[in-house]
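**Student:** Structure provided below as structure tokens; questions to follow.
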Amino acid sequence: MIGLFARKVGMTQVFDGEGNAIPVTILELLENVVTAKLTTEKNGYSALQIGAEIVKEKKLTKPQIASLQKKNLALFRTLKEFRVAPEVVSKYEIGAELDAGEILGEEGSLIDVKARPIGKGTTGRIKRWNQSRRRMSHGTKHHRQIGSAGAGTTPGRVFKGLHMPGRDSEDVTISHLKLFKYIPEKKALLIKGAIPGFDGALIQVKPSLKKGEWNKTALSIGKRQVLV
Amino acid sequence: MRNKLIEEIEKDYLKQDIPALRIGDAVAVSVKIKEGSKERIQKFDGLVIAMKGTGTGRTITVRKMSSGIGVERVFLVHSPLIDNIKVTSSGKAKIRRAKLYYIRKLQGKRARIEYTVVAKTPKATAPKV
């Protein structure tokens with residue numbers, strides 16, 4: 001199922017036909033260009049790679065720039081594969097821009113949204129890395145601390161990547177949100193309700209997986225069944 | 001500071017014919033009420049004691065005395081359910097607050113709001129000799 005990338009602009013409220021005030025989140029769609037086609041014969045599964053977020057040259061590595069320039073594409077920071085049926089892959093050409101109206105459906109259709117929320121803040125090692133705590137009673141004065149950060153004189157430093165307390169967050173998917181309106185001229189999506197993330201955050205928008213109608217066919221990939 | 005795109009989108013939902021409202025204005029708000037399939041208009045006359053929000057979320061709080069009991073209603077100014085808003089007071093209210101919540105504690109004559117008298121443009125008259 002193809003997803004689209006957008007930026008969260010902010011929230012407001014608008015009125016529907018009956019005069020109800022509807023809280024909506026406004027998303028601004030990014031470029032959403034097909035950057036690669038993956039086929040069962042060549043790759044073992046069929047998928048479309050979508051690119052979004054055009055950035056300056058210095059933001060990417062040389063291999064990244066070369067692979068995009070070889071196909072005459074703009075410099076996209078975000079590249080993501082979406083599993084789709086082979087018929088869908090053959091429908092698109094590399095460099096084609098995706099049509100949000102076609103993918104997300106009419107106004108009122110259900111969509112899923114994936115984004116990085118504003119986070120859990122500074123968390124301890126137990127919550128962040130699933131470590132265990134020490135006993136709370138029997139005279140011990142160490143409960144949720146990190147304990148040792150490593151050996152002493154040898155190696156004389158703390159290893160990189162050691163699991164420590166700090167800021168924590170993980171991607172969240174919100175299902176079955178209603179598409180209130182799509183304004184193609186402004187590349188704006190109005191989605192009913194709140195969406196995770198800061199204003200300006202990168203958001204992934206997909207037709208609803210569980211309740212959506214868009215091209216709902218199961219595709220078996222090895223032992224797994226994937227809805228595309 | 002608001003985002004330009006939000007403002008542009010809100011523009012389609014804003015009414016153009018809203019009178020200039022000020023705190024302390026006496027207003028008559030006509031509200032559309034649906035009863036089954038019928039629709040009628042109910043009036044709410046009162047005093048604007050607060051204004052909040054911008055864009056589509058702009059509201060006014062209107063207070064009136066209904067048989068001795070104070071009644072306040074918050075109206076979304078740009079809502080399609082509001083038929084129209086009319087300012088019934090003349091002149092500017094003589095008040096020193098941006099929110100008139102203190103009026104809830106006052107009764108009778110003290111709960112009145114005075115208005116500056118709007119000076120009529122004097123007609124050109126012949127100078128006295």
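Each chain in the structure tokens gets a letter, A, B and so on, in the order shown; residues start at 1 in every chain, and ligands are counted from 1 in the order they appear.
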For Gly51 in chain A, list every protein, DNA or RNA residue within 10 Å, evaluated using only C-alpha atoms, and leave out those in the same chain fewer than 2 positions away; present the list as a ChimeraX atom specification.

**Tutor:** /A:4-5,30-36,48-49,53-54,68,73-81,95,97

**Student:** Show me, as an MDAnalysis selection string, every residue of chain A with an atom at most 8 Å from chain B, counting only C-alpha atoms.

**Tutor:** chainID A and resid 9:15 18:21 26

**Student:** Please identify which residues in range 91-150 of chain A DSSP calls strand (DSSP E) from the backbone, and express them as number ranges by chain.

**Tutor:** A: 110-115, 121-123

**Student:** Using the selection just defined, write its residues with C-alpha atoms as a PDB file, in the first residue's frame.

**Tutor:**
```
ATOM      1  CA  LEU A 110     -10.206   6.661   6.341  1.00  0.00           C
ATOM      2  CA  ILE A 111      -6.444   6.956   6.539  1.00  0.00           C
ATOM      3  CA  ASP A 112      -3.587   5.875   8.774  1.00  0.00           C
ATOM      4  CA  VAL A 113      -0.886   8.277   9.888  1.00  0.00           C
ATOM      5  CA  LYS A 114       2.600   7.396  11.082  1.00  0.00           C
ATOM      6  CA  ALA A 115       4.882   9.896  12.770  1.00  0.00           C
ATOM      7  CA  GLY A 121      11.235  13.264  27.406  1.00  0.00           C
ATOM      8  CA  THR A 122      14.185  12.215  29.506  1.00  0.00           C
ATOM      9  CA  THR A 123      13.638   8.640  30.589  1.00  0.00           C
TER      10      THR A 123
END
```

**Student:** Counting only C-alpha atoms, which residue out of B:Lys15, B:Lys52, B:Lys43, B:Arg22 sits closest to Tyr115 in chain B?

**Tutor:**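 Closest residue, counting only C-alpha atoms: B:Arg22.
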
**Student:** For the alpha helix (DSSP H) assignment from backbone DSSP, which residues of chain B qualify? Please present them as a PyMOL selection string.

**Tutor:** chain B and resi 4-11

**Student:** One decimal, Å: what's the distance from CA of Arg73 in chain B over to CA of Thr61 in chain B, could you say?

**Tutor:**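 Computing the Euclidean distance for CA of Arg73 in chain B and CA of Thr61 in chain B yields 5.7 Å.
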